[in-house]
file protein29.txt (compact mmCIF, C-alpha atoms and all ligand atoms)
# COMPACT_ATOMS: atom_id res chain seq x y z
CA MET A 1 -133.14 -246.22 149.60
CA LYS A 2 -134.72 -247.74 146.52
CA LYS A 3 -133.17 -249.70 143.67
CA GLN A 4 -132.57 -247.54 140.60
CA LEU A 5 -131.06 -249.79 137.98
CA PHE A 6 -132.00 -253.32 139.00
CA GLY A 7 -135.54 -254.69 138.84
CA THR A 8 -136.94 -257.70 140.73
CA ASN A 9 -134.89 -260.14 138.64
CA GLY A 10 -131.68 -258.30 137.83
CA VAL A 11 -130.90 -255.58 135.33
CA ARG A 12 -131.90 -255.85 131.66
CA GLY A 13 -131.88 -253.74 128.54
CA ILE A 14 -131.28 -253.62 124.81
CA VAL A 15 -127.62 -254.32 124.15
CA GLY A 16 -125.76 -251.31 122.78
CA LYS A 17 -128.45 -248.97 124.03
CA ASP A 18 -129.08 -249.25 127.75
CA MET A 19 -127.16 -252.49 128.32
CA THR A 20 -123.50 -252.08 127.44
CA PRO A 21 -120.26 -253.97 128.10
CA ASP A 22 -119.10 -250.88 129.99
CA LEU A 23 -122.06 -251.08 132.39
CA VAL A 24 -121.53 -254.83 132.86
CA LEU A 25 -117.81 -254.28 133.54
CA ARG A 26 -118.77 -251.83 136.28
CA ILE A 27 -121.30 -254.30 137.69
CA GLY A 28 -118.50 -256.88 137.76
CA LYS A 29 -116.23 -254.51 139.68
CA ALA A 30 -119.00 -253.60 142.13
CA LEU A 31 -119.91 -257.27 142.69
CA GLY A 32 -116.25 -258.19 143.17
CA THR A 33 -115.95 -255.46 145.80
CA LEU A 34 -119.17 -256.46 147.59
CA ARG A 35 -118.63 -260.24 147.41
CA PRO A 36 -114.88 -260.94 147.28
CA GLY A 37 -114.00 -264.60 146.78
CA LYS A 38 -114.87 -267.29 144.27
CA ILE A 39 -117.55 -266.16 141.79
CA ALA A 40 -119.27 -268.40 139.23
CA VAL A 41 -120.41 -266.83 135.96
CA GLY A 42 -122.61 -268.20 133.22
CA ARG A 43 -124.80 -267.08 130.36
CA ASP A 44 -127.80 -268.01 128.26
CA THR A 45 -127.57 -268.49 124.49
CA ARG A 46 -127.98 -264.86 123.37
CA THR A 47 -125.59 -263.64 120.67
CA THR A 48 -124.39 -260.86 123.01
CA GLY A 49 -123.59 -263.35 125.79
CA PRO A 50 -119.83 -263.63 125.05
CA VAL A 51 -119.44 -259.82 124.95
CA LEU A 52 -121.12 -259.32 128.30
CA VAL A 53 -119.73 -262.37 130.08
CA ASN A 54 -116.20 -261.22 129.27
CA ALA A 55 -117.05 -257.77 130.61
CA ILE A 56 -118.32 -259.11 133.93
CA LYS A 57 -115.32 -261.43 134.23
CA ALA A 58 -112.90 -258.53 133.64
CA GLY A 59 -114.54 -256.55 136.44
CA LEU A 60 -114.50 -259.50 138.85
CA LEU A 61 -110.88 -260.40 138.06
CA GLU A 62 -109.71 -256.81 138.43
CA THR A 63 -111.09 -256.68 141.97
CA GLY A 64 -109.30 -259.90 142.89
CA CYS A 65 -112.14 -262.43 142.58
CA ASP A 66 -111.39 -265.91 141.29
CA VAL A 67 -113.79 -266.64 138.47
CA ILE A 68 -115.32 -269.98 137.54
CA ASP A 69 -116.76 -269.76 134.03
CA CYS A 70 -119.57 -272.30 133.77
CA GLY A 71 -120.33 -271.52 130.11
CA ILE A 72 -123.89 -271.71 128.80
CA LEU A 73 -126.35 -273.03 131.38
CA PRO A 74 -129.81 -272.36 132.87
CA THR A 75 -129.98 -269.80 135.67
CA PRO A 76 -131.09 -272.45 138.23
CA ALA A 77 -128.05 -274.58 137.26
CA LEU A 78 -125.73 -271.65 138.01
CA GLN A 79 -127.65 -271.04 141.25
CA TYR A 80 -127.09 -274.65 142.26
CA ILE A 81 -123.35 -274.44 141.46
CA VAL A 82 -123.00 -271.20 143.45
CA LYS A 83 -124.81 -272.72 146.43
CA GLU A 84 -122.51 -275.76 146.38
CA HIS A 85 -119.14 -274.22 145.56
CA CYS A 86 -118.95 -270.40 145.44
CA ASP A 87 -119.19 -267.07 147.24
CA GLY A 88 -121.49 -265.57 144.63
CA GLY A 89 -122.47 -265.64 140.99
CA ALA A 90 -123.43 -263.58 137.98
CA MET A 91 -125.70 -264.83 135.21
CA ILE A 92 -125.70 -263.02 131.87
CA THR A 93 -129.31 -263.36 130.72
CA ALA A 94 -132.39 -261.40 129.75
CA SER A 95 -134.68 -264.31 130.69
CA HIS A 96 -137.86 -264.12 128.58
CA ASN A 97 -137.06 -260.82 126.81
CA PRO A 98 -136.58 -260.69 123.01
CA PRO A 99 -133.18 -261.53 121.41
CA GLU A 100 -131.88 -257.94 121.32
CA TYR A 101 -132.01 -257.76 125.13
CA ASN A 102 -129.49 -258.99 127.64
CA GLY A 103 -128.79 -258.42 131.31
CA VAL A 104 -127.31 -259.61 134.60
CA LYS A 105 -128.80 -261.56 137.49
CA ILE A 106 -126.68 -261.53 140.66
CA ILE A 107 -126.63 -264.74 142.69
CA GLU A 108 -125.98 -264.81 146.44
CA PRO A 109 -123.76 -267.46 148.12
CA ASP A 110 -126.88 -269.45 149.12
CA GLY A 111 -128.01 -269.65 145.48
CA THR A 112 -130.86 -267.13 145.76
CA GLU A 113 -131.11 -264.03 143.62
CA MET A 114 -129.79 -260.91 145.35
CA GLY A 115 -132.44 -259.18 147.49
CA ASP A 116 -133.34 -255.49 147.64
CA GLU A 117 -131.07 -254.40 150.47
CA GLU A 118 -127.91 -255.91 149.02
CA THR A 119 -128.81 -254.70 145.53
CA VAL A 120 -129.02 -251.14 146.84
CA LYS A 121 -125.49 -251.59 148.24
CA LEU A 122 -124.31 -252.94 144.88
CA GLU A 123 -125.86 -249.99 143.08
CA SER A 124 -124.24 -247.49 145.43
CA LEU A 125 -120.84 -249.08 144.67
CA LEU A 126 -121.63 -248.64 140.98
CA ALA A 127 -122.41 -244.98 141.50
CA GLU A 128 -119.38 -244.29 143.69
CA LYS A 129 -117.00 -246.19 141.43
CA ALA A 130 -115.36 -247.09 144.76
CA VAL A 131 -114.01 -250.44 143.68
CA SER A 132 -110.94 -252.24 144.92
CA SER A 133 -108.65 -252.57 141.87
CA GLN A 134 -105.87 -255.07 142.51
CA SER A 135 -102.23 -255.00 141.47
CA TRP A 136 -100.54 -257.55 139.18
CA ASP A 137 -99.85 -260.01 141.97
CA SER A 138 -103.33 -260.05 143.43
CA VAL A 139 -105.77 -259.91 140.49
CA GLY A 140 -108.06 -262.95 140.28
CA THR A 141 -107.64 -266.18 138.36
CA GLU A 142 -110.05 -267.74 135.90
CA VAL A 143 -110.94 -271.37 135.23
CA ALA A 144 -113.46 -272.84 132.82
CA GLU A 145 -115.70 -275.48 134.43
CA PRO A 146 -118.34 -276.26 131.79
CA GLN A 147 -118.82 -279.75 133.27
CA LEU A 148 -120.29 -278.41 136.54
CA ILE A 149 -123.69 -278.33 134.82
CA GLU A 150 -123.74 -282.13 135.20
CA GLU A 151 -123.84 -281.75 139.00
CA TYR A 152 -127.06 -279.79 138.60
CA VAL A 153 -128.64 -282.47 136.38
CA LYS A 154 -127.66 -285.12 138.93
CA ALA A 155 -128.99 -283.02 141.81
CA VAL A 156 -132.41 -282.72 140.16
CA ASN A 157 -132.54 -286.44 139.40
CA SER A 158 -131.45 -287.33 142.95
CA ARG A 159 -134.84 -286.02 144.17
CA PHE A 160 -136.69 -288.87 142.45
CA SER A 161 -136.39 -292.60 142.92
CA GLY A 162 -136.85 -295.28 140.30
CA LYS A 163 -137.96 -294.42 136.77
CA PRO A 164 -141.23 -292.46 137.15
CA GLY A 165 -141.06 -291.55 133.45
CA LYS A 166 -141.06 -295.16 132.25
CA ASN A 167 -143.62 -295.53 129.43
CA MET A 168 -143.98 -291.74 129.22
CA ILE A 169 -143.28 -289.74 126.07
CA VAL A 170 -142.43 -286.10 126.76
CA VAL A 171 -141.77 -283.36 124.22
CA VAL A 172 -139.30 -280.69 125.36
CA ASP A 173 -139.06 -277.19 123.87
CA PRO A 174 -136.00 -275.46 125.37
CA GLY A 175 -136.55 -272.59 122.89
CA SER A 176 -132.94 -272.79 121.61
CA GLY A 177 -131.89 -271.78 125.13
CA PRO A 178 -129.54 -273.31 127.73
CA ALA A 179 -132.04 -275.98 128.83
CA CYS A 180 -131.03 -277.84 125.63
CA ARG A 181 -128.16 -279.04 127.86
CA THR A 182 -130.29 -280.06 130.85
CA THR A 183 -134.04 -280.78 130.58
CA PRO A 184 -133.84 -283.57 127.93
CA ALA A 185 -131.07 -285.23 130.00
CA ILE A 186 -133.04 -284.86 133.25
CA LEU A 187 -136.18 -286.41 131.76
CA GLN A 188 -134.27 -289.22 130.04
CA ALA A 189 -132.68 -290.13 133.37
CA LEU A 190 -136.22 -290.43 134.80
CA GLY A 191 -137.01 -292.99 132.12
CA CYS A 192 -138.97 -290.76 129.71
CA ARG A 193 -138.74 -291.07 125.95
CA VAL A 194 -137.80 -287.50 125.04
CA ILE A 195 -138.50 -285.70 121.78
CA THR A 196 -137.21 -282.14 121.36
CA ILE A 197 -138.17 -279.11 119.31
CA ASN A 198 -135.98 -275.97 119.21
CA GLY A 199 -133.42 -278.22 120.86
CA ILE A 200 -130.23 -276.74 119.37
CA MET A 201 -128.75 -273.75 121.21
CA ASP A 202 -129.04 -270.64 119.04
CA GLY A 203 -129.07 -267.00 120.17
CA THR A 204 -130.96 -265.91 117.07
CA PHE A 205 -133.94 -267.96 118.36
CA PRO A 206 -134.99 -269.27 114.93
CA GLY A 207 -137.94 -271.35 116.22
CA ARG A 208 -139.64 -269.07 118.70
CA LEU A 209 -139.00 -266.11 121.01
CA PRO A 210 -137.61 -266.69 124.53
CA GLU A 211 -141.04 -266.04 126.11
CA PRO A 212 -142.90 -269.39 126.03
CA SER A 213 -146.25 -267.96 124.87
CA PRO A 214 -149.16 -270.14 123.67
CA ASP A 215 -148.60 -268.74 120.19
CA GLY A 216 -144.91 -269.65 120.13
CA LEU A 217 -145.64 -273.17 121.37
CA LYS A 218 -147.89 -274.30 118.51
CA GLY A 219 -145.10 -276.51 117.15
CA LEU A 220 -144.67 -278.10 120.57
CA ALA A 221 -148.43 -278.72 120.87
CA ALA A 222 -148.52 -280.37 117.45
CA LEU A 223 -145.66 -282.70 118.41
CA VAL A 224 -147.39 -283.64 121.68
CA LEU A 225 -150.50 -284.71 119.75
CA ALA A 226 -148.61 -286.44 116.91
CA ASN A 227 -146.54 -288.50 119.37
CA LYS A 228 -149.34 -289.12 121.90
CA ALA A 229 -147.04 -287.59 124.51
CA ALA A 230 -147.94 -287.31 128.21
CA PHE A 231 -147.15 -283.59 128.00
CA GLY A 232 -144.96 -280.96 126.40
CA VAL A 233 -142.75 -278.65 128.42
CA ALA A 234 -141.20 -275.34 127.36
CA HIS A 235 -138.83 -272.94 129.06
CA ASP A 236 -138.17 -269.23 128.97
CA GLY A 237 -134.74 -267.93 127.86
CA ASP A 238 -132.90 -268.93 131.04
CA ALA A 239 -135.05 -271.91 132.04
CA ASP A 240 -136.02 -270.81 135.52
CA ARG A 241 -139.61 -271.12 134.34
CA ALA A 242 -141.43 -274.08 132.78
CA VAL A 243 -144.83 -274.05 131.07
CA PHE A 244 -146.83 -277.03 129.88
CA ILE A 245 -148.89 -278.36 126.99
CA ASP A 246 -151.24 -281.09 128.18
CA ASP A 247 -151.86 -284.48 126.52
CA GLN A 248 -154.72 -282.93 124.50
CA GLY A 249 -152.35 -280.35 122.99
CA SER A 250 -153.75 -277.47 125.08
CA PHE A 251 -151.62 -274.79 126.73
CA VAL A 252 -151.91 -275.02 130.52
CA GLU A 253 -152.36 -271.48 131.81
CA GLU A 254 -149.60 -270.84 134.37
CA ASN A 255 -151.93 -270.26 137.34
CA GLN A 256 -153.53 -273.62 136.56
CA GLU A 257 -150.08 -275.18 136.30
CA PHE A 258 -149.25 -273.88 139.77
CA ALA A 259 -152.60 -275.12 141.11
CA VAL A 260 -152.10 -278.62 139.62
CA VAL A 261 -148.65 -278.93 141.19
CA THR A 262 -149.93 -277.43 144.46
CA GLN A 263 -152.80 -279.92 144.61
CA GLN A 264 -150.62 -282.96 144.04
CA ILE A 265 -147.87 -281.86 146.43
CA CYS A 266 -150.38 -280.90 149.15
CA LYS A 267 -152.20 -284.21 148.84
CA LYS A 268 -148.91 -286.03 149.26
CA ALA A 269 -147.73 -283.91 152.21
CA GLY A 270 -151.11 -283.79 154.02
CA SER A 271 -150.07 -280.57 155.78
CA GLY A 272 -147.70 -277.67 155.19
CA THR A 273 -147.38 -274.21 153.70
CA ILE A 274 -147.41 -272.97 150.11
CA VAL A 275 -145.82 -269.57 149.41
CA THR A 276 -146.89 -267.44 146.46
CA PRO A 277 -147.33 -263.76 145.52
CA VAL A 278 -150.60 -261.89 146.06
CA SER A 279 -151.12 -261.97 142.28
CA THR A 280 -151.63 -265.75 142.09
CA SER A 281 -155.11 -267.08 141.31
CA LEU A 282 -157.19 -268.31 144.25
CA ALA A 283 -157.23 -271.75 142.57
CA ALA A 284 -153.99 -272.68 144.38
CA GLU A 285 -155.35 -271.66 147.80
CA ILE A 286 -158.61 -273.54 147.25
CA VAL A 287 -156.86 -276.80 146.37
CA ALA A 288 -154.22 -276.35 149.09
CA ARG A 289 -156.88 -275.84 151.77
CA GLY A 290 -158.82 -278.79 150.43
CA ALA A 291 -155.77 -280.94 151.08
CA GLY A 292 -155.19 -279.60 154.60
CA CYS A 293 -152.47 -277.06 153.70
CA ARG A 294 -152.25 -273.29 154.01
CA VAL A 295 -151.06 -270.49 151.73
CA ARG A 296 -148.85 -267.52 152.66
CA TYR A 297 -148.77 -264.53 150.33
CA THR A 298 -145.80 -262.31 149.44
CA PRO A 299 -145.16 -259.23 147.29
CA VAL A 300 -144.93 -259.90 143.55
CA GLY A 301 -141.46 -261.26 142.59
CA SER A 302 -139.74 -264.62 142.95
CA ILE A 303 -137.08 -263.29 145.35
CA TYR A 304 -139.81 -262.43 147.86
CA VAL A 305 -141.30 -265.89 147.52
CA ALA A 306 -137.88 -267.55 147.98
CA ARG A 307 -136.89 -265.41 150.96
CA THR A 308 -140.26 -265.83 152.67
CA MET A 309 -139.96 -269.61 152.24
CA MET A 310 -136.54 -269.54 153.90
CA GLU A 311 -137.75 -267.34 156.77
CA LEU A 312 -140.78 -269.53 157.43
CA GLU A 313 -138.63 -272.67 157.37
CA LYS A 314 -136.26 -271.06 159.86
CA ALA A 315 -139.21 -270.24 162.11
CA GLY A 316 -140.16 -273.92 162.10
CA GLU A 317 -142.94 -273.88 159.51
CA LYS A 318 -143.13 -276.80 157.08
CA VAL A 319 -142.87 -275.16 153.65
CA ILE A 320 -143.63 -277.60 150.86
CA LEU A 321 -143.79 -275.45 147.71
CA GLY A 322 -143.35 -271.92 146.43
CA GLY A 323 -144.08 -270.34 143.11
CA GLU A 324 -145.69 -267.77 140.92
CA GLY A 325 -148.53 -267.91 138.42
CA ASN A 326 -146.03 -267.60 135.55
CA GLY A 327 -144.45 -271.05 135.51
CA GLY A 328 -141.74 -270.16 138.05
CA LEU A 329 -141.89 -272.88 140.72
CA ILE A 330 -139.64 -273.34 143.77
CA PHE A 331 -139.13 -276.76 145.35
CA PRO A 332 -137.57 -276.20 148.78
CA GLU A 333 -136.05 -279.66 149.18
CA HIS A 334 -134.02 -278.96 146.00
CA GLN A 335 -133.13 -275.25 146.15
CA TYR A 336 -134.72 -271.89 147.03
CA CYS A 337 -135.07 -270.56 143.51
CA ARG A 338 -137.32 -271.06 140.50
CA ASP A 339 -136.19 -274.07 138.54
CA GLY A 340 -137.65 -275.02 135.15
CA GLY A 341 -135.78 -278.34 134.85
CA MET A 342 -136.90 -279.40 138.33
CA THR A 343 -140.48 -278.36 137.48
CA ALA A 344 -140.45 -280.58 134.36
CA ALA A 345 -139.08 -283.51 136.39
CA MET A 346 -141.66 -282.94 139.14
CA MET A 347 -144.46 -283.05 136.56
CA VAL A 348 -143.26 -286.50 135.42
CA SER A 349 -143.19 -287.71 139.01
CA LEU A 350 -146.60 -286.23 139.98
CA LEU A 351 -148.32 -287.63 136.88
CA SER A 352 -146.80 -291.04 137.45
CA GLU A 353 -147.92 -291.06 141.11
CA SER A 354 -151.43 -289.79 140.41
CA GLY A 355 -151.97 -292.13 137.47
CA GLU A 356 -153.98 -289.34 135.83
CA LYS A 357 -153.50 -287.39 132.63
CA LEU A 358 -152.39 -283.76 132.87
CA SER A 359 -155.55 -282.64 131.00
CA SER A 360 -157.80 -284.32 133.56
CA LEU A 361 -155.89 -282.82 136.51
CA VAL A 362 -156.43 -279.40 134.91
CA GLN A 363 -160.13 -280.11 134.36
CA GLN A 364 -160.58 -281.05 138.02
CA LEU A 365 -159.37 -277.64 139.21
CA PRO A 366 -161.88 -275.13 140.54
CA GLU A 367 -163.00 -272.87 137.73
CA ARG A 368 -161.33 -269.45 137.82
CA HIS A 369 -161.15 -266.47 135.53
CA MET A 370 -158.70 -263.62 135.51
CA VAL A 371 -158.78 -260.14 134.03
CA LYS A 372 -155.57 -258.11 133.70
CA GLU A 373 -155.71 -254.46 132.64
CA LYS A 374 -153.39 -251.46 132.62
CA ILE A 375 -154.43 -247.86 133.21
CA PHE A 376 -151.98 -245.24 132.03
CA THR A 377 -151.57 -242.41 134.54
CA SER A 378 -148.70 -240.50 136.12
CA HIS A 379 -150.70 -240.14 139.37
CA GLY A 380 -150.11 -243.74 140.49
CA PRO A 381 -148.99 -243.11 144.10
CA ARG A 382 -151.76 -240.54 144.82
CA LEU A 383 -154.37 -242.74 143.18
CA MET A 384 -153.29 -245.68 145.37
CA GLU A 385 -153.63 -243.59 148.55
CA LEU A 386 -157.17 -242.57 147.67
CA LEU A 387 -158.12 -246.10 146.65
CA ASN A 388 -156.87 -247.42 150.00
CA THR A 389 -159.27 -245.04 151.76
CA ARG A 390 -162.08 -245.73 149.34
CA PHE A 391 -161.94 -249.50 149.89
CA SER A 392 -161.09 -249.36 153.61
CA HIS A 393 -164.43 -251.01 154.49
CA ASP A 394 -163.58 -254.03 152.37
CA SER A 395 -161.24 -256.78 153.46
CA ILE A 396 -157.95 -255.31 152.19
CA ASP A 397 -154.34 -256.44 152.19
CA LEU A 398 -151.40 -254.09 151.57
CA THR A 399 -148.65 -256.70 151.04
CA ASP A 400 -148.08 -255.29 147.54
CA GLY A 401 -150.34 -252.54 146.23
CA LEU A 402 -153.97 -252.90 147.31
CA LYS A 403 -155.63 -256.31 147.35
CA ILE A 404 -159.37 -256.37 147.94
CA SER A 405 -160.77 -259.75 148.92
CA ARG A 406 -164.44 -260.61 148.58
CA GLN A 407 -166.46 -263.80 148.66
CA ASN A 408 -164.48 -266.15 146.41
CA SER A 409 -162.79 -263.36 144.41
CA TRP A 410 -160.12 -260.72 144.72
CA ALA A 411 -158.79 -257.63 142.93
CA LEU A 412 -155.23 -256.35 143.03
CA ILE A 413 -154.27 -252.79 142.14
CA ARG A 414 -150.57 -251.92 141.89
CA ALA A 415 -148.81 -248.79 140.68
CA SER A 416 -145.77 -249.61 138.52
CA GLY A 417 -142.44 -248.54 140.00
CA THR A 418 -140.87 -247.90 136.61
CA GLU A 419 -143.67 -246.85 134.24
CA PRO A 420 -146.53 -244.30 134.47
CA LEU A 421 -149.23 -246.93 134.86
CA VAL A 422 -151.39 -248.81 137.32
CA ARG A 423 -152.09 -252.53 136.94
CA ILE A 424 -155.44 -254.02 137.85
CA MET A 425 -155.96 -257.77 138.19
CA VAL A 426 -159.20 -259.48 139.10
CA ASP A 427 -159.61 -263.18 139.92
CA ALA A 428 -163.09 -264.69 140.25
CA GLU A 429 -164.93 -267.96 139.71
CA ASN A 430 -166.54 -266.82 136.49
CA LEU A 431 -165.99 -264.26 133.77
CA GLU A 432 -169.10 -262.30 134.69
CA GLY A 433 -167.95 -261.88 138.30
CA CYS A 434 -164.53 -260.81 137.04
CA GLN A 435 -165.92 -258.16 134.73
CA LYS A 436 -168.34 -256.81 137.33
CA PHE A 437 -165.59 -256.44 139.95
CA TYR A 438 -163.26 -254.89 137.38
CA ARG A 439 -165.88 -252.35 136.25
CA GLU A 440 -166.54 -251.33 139.84
CA ILE A 441 -162.83 -250.59 140.37
CA LYS A 442 -162.39 -248.97 136.98
CA ASN A 443 -165.31 -246.57 137.63
CA ILE A 444 -163.81 -245.51 140.96
CA VAL A 445 -160.35 -245.11 139.39
CA ASP A 446 -161.83 -242.96 136.59
CA GLU A 447 -163.71 -240.86 139.12
CA ILE A 448 -160.57 -240.26 141.22
CA LEU A 449 -158.41 -239.50 138.17
CA ALA A 450 -161.02 -237.04 136.88
CA SER A 451 -160.85 -235.21 140.21
CA PHE A 452 -157.07 -234.64 139.66
CA VAL A 453 -157.55 -232.59 136.51
MG MG A 501 -136.40 -266.52 133.42

call {"tool": "encode", "arguments": {"input": "protein29.txt", "output": "structure tokens", "more": "lines below"}}
Ligand code: MG
result
Amino acid sequence: MKKQLFGTNGVRGIVGKDMTPDLVLRIGKALGTLRPGKIAVGRDTRTTGPVLVNAIKAGLLETGCDVIDCGILPTPALQYIVKEHCDGGAMITASHNPPEYNGVKIIEPDGTEMGDEETVKLESLLAEKAVSSQSWDSVGTEVAEPQLIEEYVKAVNSRFSGKPGKNMIVVVDPGSGPACRTTPAILQALGCRVITINGIMDGTFPGRLPEPSPDGLKGLAALVLANKAAFGVAHDGDADRAVFIDDQGSFVEENQEFAVVTQQICKKAGSGTIVTPVSTSLAAEIVARGAGCRVRYTPVGSIYVARTMMELEKAGEKVILGGEGNGGLIFPEHQYCRDGGMTAAMMVSLLSESGEKLSSLVQQLPERHMVKEKIFTSHGPRLMELLNTRFSHDSIDLTDGLKISRQNSWALIRASGTEPLVRIMVDAENLEGCQKFYREIKNIVDEILASFV
């Protein structure tokens, strides 16, 4: 059985079109049936948040769940609250999508996002409409607990001792999202002098879109330079991701961000395992190995990273960091989910310990280049089969799609599960190597596709 409605990070759509209060009500009923008990709900700052959060609450209450409404907060804050106090959670958010979108992320009792198997069960409850409606004397109760967010801020800060941010200026761009309530407070508690931009919660996103793109962060970069800040940090719409502007005002590409954090954490630990998807640049593996650590690869998607980390830990492996090349980093001693606020705090701590500037840590990384292309075709699955055979003499890995590893470079070819297209990524030490590898694959893809006609 495959998921139909939910993607890797919940269900999302344009509100009023494919994301409606009716659908969210039904998700609430299905979740209440699958996870009876105490359920925490929260939302990001989108204008449609109140509509959808009330819909999910109605569904949960009808099935007898007791609801804790945490108000507006980052997804990792809700995940922390669920892990500490609840039997499950539902976050109303469309993460990095534009303002007209909204959606639902389902949180498991351990604070992780719901995995594939359980999501299939949830979807089948949606389809069957087999929900347990309760009578007047057994419907759920609701309480508002907007102050629980403070426990999350404290939990992040409890991971650091002293004031590592003393003498450090940091500019925070929460993008008018829920991290307005958390990241400035977290960094101030670490001793930083904090300046904010887009620091007032606003679901119309007047300053920039929820995706923290280099283009949208020009204002942040200017403030970093003008204030001689140590760095600038920006979040996506629900603050599970964090991206950085270095002290020179340059955007730190997210694979480089992951490699910088990997390098510092590996150096400190001396041994251990890093977990990341097959789509992450080799930079992280190179620096991890250089510091005596190893890397384990997973399918693309943060839930696979989080679950693999937990499994490896259970099996006795020392897992020190997880994350993706998109600014979504997981710190296992804190919680098994991506956490933008924790990532910002960790950057303060790592810079303070290393005594180096962020720009120089980035410059010290091994040089890597990446090419990402899409090929539109409805023959994705057949193409993948033939490519597997075609490259069977190479060193290949089928963790997710087809990954071909060569001397110091790799290519990843994946057919989209939802769209008629195939994605090709190539990672190499220089642009020329990237383009050459890409052209080789593209020629073979063209040849195979031509044979279909
Ligand atoms: Mg997000």

call {"tool": "atom_distance", "arguments": {"input": "protein29.txt", "atom1": "CA of Pro50 in chain A", "atom2": "CA of Pro21 in chain A"}}
result
10.1 Å

call {"tool": "closest_residue", "arguments": {"input": "protein29.txt", "among": "A:Lys105, A:His235, A:Arg423, A:His96", "to": "Leu5 in chain A", "atoms": "all atoms listed in the file"}}
result
A:Lys105

call {"tool": "closest_atom_pairs", "arguments": {"input": "protein29.txt", "of": "chain A", "to": "ligand MG 501 (chain A)", "cutoff": "6 Å", "atoms": "only C-alpha atoms and all ligand atoms", "output": "JSON lines"}}
result
{"residue": "A:Ser95", "atom": "CA", "partner": "A:MG501", "partner_atom": "MG", "distance": 3.9}
{"residue": "A:His96", "atom": "CA", "partner": "A:MG501", "partner_atom": "MG", "distance": 5.6}
{"residue": "A:Asp236", "atom": "CA", "partner": "A:MG501", "partner_atom": "MG", "distance": 5.5}
{"residue": "A:Gly237", "atom": "CA", "partner": "A:MG501", "partner_atom": "MG", "distance": 6.0}
{"residue": "A:Asp238", "atom": "CA", "partner": "A:MG501", "partner_atom": "MG", "distance": 4.9}
{"residue": "A:Ala239", "atom": "CA", "partner": "A:MG501", "partner_atom": "MG", "distance": 5.7}
{"residue": "A:Asp240", "atom": "CA", "partner": "A:MG501", "partner_atom": "MG", "distance": 4.8}
{"residue": "A:Arg241", "atom": "CA", "partner": "A:MG501", "partner_atom": "MG", "distance": 5.7}

call {"tool": "residues_around", "arguments": {"input": "protein29.txt", "residues": "Val131 in chain A", "least_positions_apart": "2", "cutoff": "10 Å", "atoms": "only C-alpha atoms", "output": "PyMOL selection string"}}
result
chain A and resi 26+28-34+59+62-63+125-126+128-129+133-134

call {"tool": "residues_around", "arguments": {"input": "protein29.txt", "residues": "Asp202 in chain A", "least_positions_apart": "6", "cutoff": "10 Å", "atoms": "all atoms listed in the file", "output": "list in words"}}
result
Asp44, Thr45, Arg46, Thr47, Gly175, Ser176, Gly177, Pro178 and Cys180 of chain A

call {"tool": "write_last_selection", "arguments": {"input": "protein29.txt", "atoms": "C-alpha atoms", "output": "tab-separated table (two decimals), in the coordinates of the input"}}
result
chain	number	residue	atom	x	y	z
A	44	ASP	CA	-127.80	-268.01	128.26
A	45	THR	CA	-127.57	-268.49	124.49
A	46	ARG	CA	-127.98	-264.86	123.37
A	47	THR	CA	-125.59	-263.64	120.67
A	175	GLY	CA	-136.55	-272.59	122.89
A	176	SER	CA	-132.94	-272.79	121.61
A	177	GLY	CA	-131.89	-271.78	125.13
A	178	PRO	CA	-129.54	-273.31	127.73
A	180	CYS	CA	-131.03	-277.84	125.63

call {"tool": "atom_distance", "arguments": {"input": "protein29.txt", "atom1": "CA of Ala179 in chain A", "atom2": "CA of Thr75 in chain A"}}
result
9.4 Å

call {"tool": "closest_residue", "arguments": {"input": "protein29.txt", "among": "A:Tyr297, A:Phe331, A:Trp136, A:Tyr336", "to": "Gly64 in chain A", "atoms": "only C-alpha atoms"}}
result
A:Trp136

call {"tool": "atom_distance", "arguments": {"input": "protein29.txt", "atom1": "CA of Leu225 in chain A", "atom2": "CA of Phe244 in chain A"}}
result
13.2 Å

call {"tool": "closest_residue", "arguments": {"input": "protein29.txt", "among": "A:Ala144, A:Ala259, A:Leu25, A:Ala58", "to": "Glu285 in chain A", "atoms": "only C-alpha atoms"}}
result
A:Ala259

call {"tool": "closest_residue", "arguments": {"input": "protein29.txt", "among": "A:Ile200, A:Ile245, A:Ala55, A:Leu73", "to": "Lys218 in chain A", "atoms": "all atoms listed in the file"}}
result
A:Ile245

call {"tool": "residues_around", "arguments": {"input": "protein29.txt", "residues": "Leu421 in chain A", "least_positions_apart": "4", "cutoff": "8 Å", "atoms": "only C-alpha atoms", "output": "ChimeraX atom specification"}}
result
/A:374-378,380,415-416

call {"tool": "closest_residue", "arguments": {"input": "protein29.txt", "among": "A:Val305, A:Ala242, A:Val319, A:Leu350", "to": "Ile274 in chain A", "atoms": "all atoms listed in the file"}}
result
A:Val319

call {"tool": "closest_residue", "arguments": {"input": "protein29.txt", "among": "A:Asn9, A:Val348, A:Ala229, A:Gly433", "to": "Asp116 in chain A", "atoms": "all atoms listed in the file"}}
result
A:Asn9

call {"tool": "residues_around", "arguments": {"input": "protein29.txt", "residues": "Phe6 in chain A", "least_positions_apart": "2", "cutoff": "12 Å", "atoms": "only C-alpha atoms", "output": "number ranges by chain"}}
result
A: 2-4, 8-13, 19, 27, 103-106, 113-124, 126, 417-418

call {"tool": "residues_around", "arguments": {"input": "protein29.txt", "residues": "range 437-443 of chain A", "least_positions_apart": "3", "cutoff": "10 Å", "atoms": "all atoms listed in the file", "output": "number ranges by chain"}}
result
A: 371-373, 375, 387, 391, 406, 409-413, 424-428, 431-434, 446-449
